[in-house]
Amino acid sequence: MNDRCDREDDLVRSGAGPLPPELERHVASCGHCASVLRTARWLRRGAEALDPGDEISATASSLYWKAELRRQYEVRQSRAATVRRALGLGRAWAAALLATGLILGVRFLVGLAHAVLADGTLSRDDLAIRLAAGVLTLGLLTGWAVLRRLRSP
Amino acid sequence: MTERLALSEESFFELHARSHRSLRRYLIGMTGSVELAEELLQESYLRLLTRAPGSLAQPQLVRYLYTVATRLANDHFRRRKVEARWQASAAGDPARDEAEVERSDLLRALGRLTLRQRTLLWLAYVEELSHREIAGILDLGERSVRVLLARSRRRLEKILRESGVDRGRDR
């Protein structure tokens with residue numbers, strides 16, 4: 001028996017009623033189509049018997065409502081994930097800046113100690129630069145503390 | 001993430017009215033359980049509403065539903081590995097009337113096929129989808145659908161012959 005016959009589609013879509021005579025003649029002479037027809041009819045009859053009625057099925061309106069709730073939940077989850085990613089990035093940046101500030105602060109203190117204790121000379125420009133580094137360090141430390149405060153519940 | 005559902009309420013009600021009975025029967029045939037079919041049916045509609053592209057026309061939406069339902073049934077069986085126990089829940093009670101005989105015979109026979117074979121036979125002969133449409137739903141080539149469908153049909157015929165069910169099939 002072949003796996004295919006050109007009339008198969010006509011046959012499958014012929015519905016549950018009697019076949020047109022011409023198709024009936026074809027089925028009588030084509031083993032493939034006879035097999036398809038027997039299987040299709042048997043499956044369709046069984047499928048009709050499977051229908052359990054409407055009593056247990058969720059209504060369209062309750063499904064629509066559930067879908068809307070799920071959509072809102074997914075939107076909220078998605079936004080929360082975006083905020084979590086942004087916070088993580090912000091924390092990484094803050095840590096990098098803090099490390100830079102600490103290095104500059106240490107350098108400032110070492111330089112200041114050297115200028116005051118070792119040679120006793122400190123130009124005005126040097127002092128300005130070192131003070132700026134100190135202020136930046138303090139600013140970063142304060143920022144970090146504020147960020148930690150904001151994160152805590 | 002979408003800012004609104006894929007369909008308006010009105011369009012969804014129309015689609016639901018057109019499709020839910022046949023889709024539920026399909027899922028009962030695939031799973032052998034009314035309760036499980038109901039669960040998968042609801043999930044299929046929820047996924048359609050929350051994930052389907054808004055541009056799909058009604059016939060495409062129905063195919064989308066069948067695709068989702070088929071995948072959900074596949075996932076269920078893969079996850080739970082319960083396919084082997086399918087028949088027990090499908091055809092437990094002794095048949096009482098003619099409709100129940102049909103139902104019982106159908107579920108018992110389908111339970112001896114693989115999920116893919118059941119899906120192919122159902123989509124082709126109950127839903128009357130073309131090979132191309134089935135190929136889209138099952139993510140197969142058209143030629144594969146033809147070959148697998150013929151094989152599934154032969155397997156079903158063999159099962160029916162063995163169990164003596166085929167005698168009244170041409171009524």
# chains A, B, ... in the order shown; residues from 1 in each chain; ligands from 1
>>> residues_around(residues="region 15-24 of chain A", least_positions_apart="6", cutoff="9 Å", atoms="only C-alpha atoms", output="count of residues only")
5
>>> select_by_dssp(residues="region 99-167 of chain B", states="helix (DSSP H, G or I)", output="PDB file with C-alpha atoms, in the first residue's frame")
ATOM      1  CA  ALA B  99     -20.752   6.186  23.378  1.00  0.00           C
ATOM      2  CA  GLU B 100     -18.779   4.872  26.268  1.00  0.00           C
ATOM      3  CA  VAL B 101     -17.698   1.854  24.262  1.00  0.00           C
ATOM      4  CA  GLU B 102     -16.438   4.210  21.544  1.00  0.00           C
ATOM      5  CA  ARG B 103     -14.686   6.368  24.122  1.00  0.00           C
ATOM      6  CA  SER B 104     -13.174   3.449  25.938  1.00  0.00           C
ATOM      7  CA  ASP B 105     -11.981   1.754  22.723  1.00  0.00           C
ATOM      8  CA  LEU B 106     -10.534   4.986  21.426  1.00  0.00           C
ATOM      9  CA  LEU B 107      -8.624   5.803  24.591  1.00  0.00           C
ATOM     10  CA  ARG B 108      -7.358   2.262  24.974  1.00  0.00           C
ATOM     11  CA  ALA B 109      -6.107   2.208  21.383  1.00  0.00           C
ATOM     12  CA  LEU B 110      -4.606   5.698  21.562  1.00  0.00           C
ATOM     13  CA  GLY B 111      -2.874   4.766  24.789  1.00  0.00           C
ATOM     14  CA  LEU B 115       2.189  10.789  21.895  1.00  0.00           C
ATOM     15  CA  ARG B 116       3.499  11.816  18.489  1.00  0.00           C
ATOM     16  CA  GLN B 117       1.485   9.117  16.737  1.00  0.00           C
ATOM     17  CA  ARG B 118      -1.660  10.136  18.611  1.00  0.00           C
ATOM     18  CA  THR B 119      -1.053  13.775  17.748  1.00  0.00           C
ATOM     19  CA  LEU B 120      -0.499  13.068  14.071  1.00  0.00           C
ATOM     20  CA  LEU B 121      -3.583  10.907  13.688  1.00  0.00           C
ATOM     21  CA  TRP B 122      -5.787  13.321  15.581  1.00  0.00           C
ATOM     22  CA  LEU B 123      -4.671  16.438  13.780  1.00  0.00           C
ATOM     23  CA  ALA B 124      -4.949  14.762  10.383  1.00  0.00           C
ATOM     24  CA  TYR B 125      -8.208  12.861  10.751  1.00  0.00           C
ATOM     25  CA  VAL B 126     -10.210  14.544  13.482  1.00  0.00           C
ATOM     26  CA  HIS B 131       0.130  17.969   6.216  1.00  0.00           C
ATOM     27  CA  ARG B 132       1.622  21.435   5.991  1.00  0.00           C
ATOM     28  CA  GLU B 133      -0.369  22.661   8.979  1.00  0.00           C
ATOM     29  CA  ILE B 134       0.565  19.583  10.989  1.00  0.00           C
ATOM     30  CA  ALA B 135       4.196  20.090  10.050  1.00  0.00           C
ATOM     31  CA  GLY B 136       3.982  23.628  11.432  1.00  0.00           C
ATOM     32  CA  ILE B 137       2.428  22.485  14.695  1.00  0.00           C
ATOM     33  CA  LEU B 138       4.821  19.595  15.283  1.00  0.00           C
ATOM     34  CA  GLU B 142       5.920  17.886   5.357  1.00  0.00           C
ATOM     35  CA  ARG B 143       7.443  14.683   4.029  1.00  0.00           C
ATOM     36  CA  SER B 144       8.121  13.485   7.540  1.00  0.00           C
ATOM     37  CA  VAL B 145       4.497  14.129   8.431  1.00  0.00           C
ATOM     38  CA  ARG B 146       3.316  12.011   5.507  1.00  0.00           C
ATOM     39  CA  VAL B 147       5.621   9.126   6.347  1.00  0.00           C
ATOM     40  CA  LEU B 148       4.983   9.257  10.105  1.00  0.00           C
ATOM     41  CA  LEU B 149       1.254   9.576   9.577  1.00  0.00           C
ATOM     42  CA  ALA B 150       1.143   6.498   7.359  1.00  0.00           C
ATOM     43  CA  ARG B 151       3.186   4.610   9.926  1.00  0.00           C
ATOM     44  CA  SER B 152       0.906   5.769  12.753  1.00  0.00           C
ATOM     45  CA  ARG B 153      -2.173   4.722  10.814  1.00  0.00           C
ATOM     46  CA  ARG B 154      -0.757   1.265  10.165  1.00  0.00           C
ATOM     47  CA  ARG B 155       0.147   0.954  13.830  1.00  0.00           C
ATOM     48  CA  LEU B 156      -3.372   1.946  14.872  1.00  0.00           C
ATOM     49  CA  GLU B 157      -4.907  -0.518  12.451  1.00  0.00           C
ATOM     50  CA  LYS B 158      -2.720  -3.262  13.859  1.00  0.00           C
ATOM     51  CA  ILE B 159      -3.749  -2.370  17.398  1.00  0.00           C
ATOM     52  CA  LEU B 160      -7.415  -2.395  16.423  1.00  0.00           C
ATOM     53  CA  ARG B 161      -7.080  -5.720  14.671  1.00  0.00           C
ATOM     54  CA  GLU B 162      -5.304  -7.237  17.662  1.00  0.00           C
ATOM     55  CA  SER B 163      -7.899  -5.979  20.105  1.00  0.00           C
ATOM     56  CA  VAL B 165     -12.101  -3.299  17.758  1.00  0.00           C
ATOM     57  CA  ASP B 166     -11.936  -2.882  13.996  1.00  0.00           C
ATOM     58  CA  ARG B 167     -14.974  -5.040  13.258  1.00  0.00           C
TER      59      ARG B 167
END
>>> interface_residues(of="chain A", to="chain B", cutoff="9 Å", atoms="only C-alpha atoms", output="PyMOL selection string")
chain A and resi 2-4+9+12-13+15+35-54+56-61+63-64+66-68+70-72+74-75+78
>>> write_last_selection(atoms="C-alpha atoms", output="PDB file, in the first residue's frame")
ATOM      1  CA  ASN A   2       1.314   3.486  -0.877  1.00  0.00           C
ATOM      2  CA  ASP A   3       1.938   6.181   1.719  1.00  0.00           C
ATOM      3  CA  ARG A   4       0.124   8.719  -0.385  1.00  0.00           C
ATOM      4  CA  ASP A   9      -7.128  15.438   1.275  1.00  0.00           C
ATOM      5  CA  VAL A  12     -10.210  13.518   4.938  1.00  0.00           C
ATOM      6  CA  ARG A  13     -12.216  16.686   4.432  1.00  0.00           C
ATOM      7  CA  GLY A  15     -16.858  15.119   6.713  1.00  0.00           C
ATOM      8  CA  SER A  35      -7.441   2.707   5.184  1.00  0.00           C
ATOM      9  CA  VAL A  36      -7.489   6.489   5.635  1.00  0.00           C
ATOM     10  CA  LEU A  37     -11.275   6.575   5.537  1.00  0.00           C
ATOM     11  CA  ARG A  38     -11.689   3.757   8.055  1.00  0.00           C
ATOM     12  CA  THR A  39      -9.211   5.361  10.444  1.00  0.00           C
ATOM     13  CA  ALA A  40     -10.638   8.856  10.081  1.00  0.00           C
ATOM     14  CA  ARG A  41     -14.228   7.722  10.646  1.00  0.00           C
ATOM     15  CA  TRP A  42     -13.324   5.605  13.610  1.00  0.00           C
ATOM     16  CA  LEU A  43     -11.312   8.411  15.199  1.00  0.00           C
ATOM     17  CA  ARG A  44     -14.055  10.970  14.594  1.00  0.00           C
ATOM     18  CA  ARG A  45     -16.711   8.803  16.175  1.00  0.00           C
ATOM     19  CA  GLY A  46     -14.468   8.247  19.175  1.00  0.00           C
ATOM     20  CA  ALA A  47     -13.668  11.956  19.374  1.00  0.00           C
ATOM     21  CA  GLU A  48     -17.360  12.817  19.538  1.00  0.00           C
ATOM     22  CA  ALA A  49     -17.796  10.358  22.374  1.00  0.00           C
ATOM     23  CA  LEU A  50     -14.930  12.013  24.247  1.00  0.00           C
ATOM     24  CA  ASP A  51     -16.685  15.319  24.707  1.00  0.00           C
ATOM     25  CA  PRO A  52     -17.394  15.617  28.439  1.00  0.00           C
ATOM     26  CA  GLY A  53     -19.731  18.606  28.100  1.00  0.00           C
ATOM     27  CA  ASP A  54     -19.243  22.128  29.341  1.00  0.00           C
ATOM     28  CA  ILE A  56     -16.236  21.549  34.153  1.00  0.00           C
ATOM     29  CA  SER A  57     -14.685  23.885  31.657  1.00  0.00           C
ATOM     30  CA  ALA A  58     -13.414  27.309  32.666  1.00  0.00           C
ATOM     31  CA  THR A  59     -15.412  30.086  31.061  1.00  0.00           C
ATOM     32  CA  ALA A  60     -13.863  32.405  28.528  1.00  0.00           C
ATOM     33  CA  SER A  61     -14.316  35.388  30.828  1.00  0.00           C
ATOM     34  CA  LEU A  63      -9.693  32.727  31.433  1.00  0.00           C
ATOM     35  CA  TYR A  64      -9.404  36.269  30.151  1.00  0.00           C
ATOM     36  CA  LYS A  66      -6.634  35.068  34.708  1.00  0.00           C
ATOM     37  CA  ALA A  67      -4.567  35.983  31.663  1.00  0.00           C
ATOM     38  CA  GLU A  68      -4.784  39.654  32.562  1.00  0.00           C
ATOM     39  CA  ARG A  70      -0.762  36.826  34.806  1.00  0.00           C
ATOM     40  CA  ARG A  71       0.235  39.558  32.376  1.00  0.00           C
ATOM     41  CA  GLN A  72       0.271  42.144  35.156  1.00  0.00           C
ATOM     42  CA  GLU A  74       4.817  39.199  34.546  1.00  0.00           C
ATOM     43  CA  VAL A  75       5.109  42.938  33.862  1.00  0.00           C
ATOM     44  CA  SER A  78      10.050  42.141  34.546  1.00  0.00           C
TER      45      SER A  78
END
>>> residues_around(residues="Thr100 (chain A)", least_positions_apart="3", cutoff="12 Å", atoms="only C-alpha atoms", output="list of chain:residue names")
A:Trp93, A:Ala94, A:Ala95, A:Ala96, A:Leu97, A:Ile103, A:Leu104, A:Gly105, A:Val106, A:Arg107, A:Ala133, A:Gly134, A:Leu136, A:Thr137, A:Leu138, A:Leu140, A:Leu141
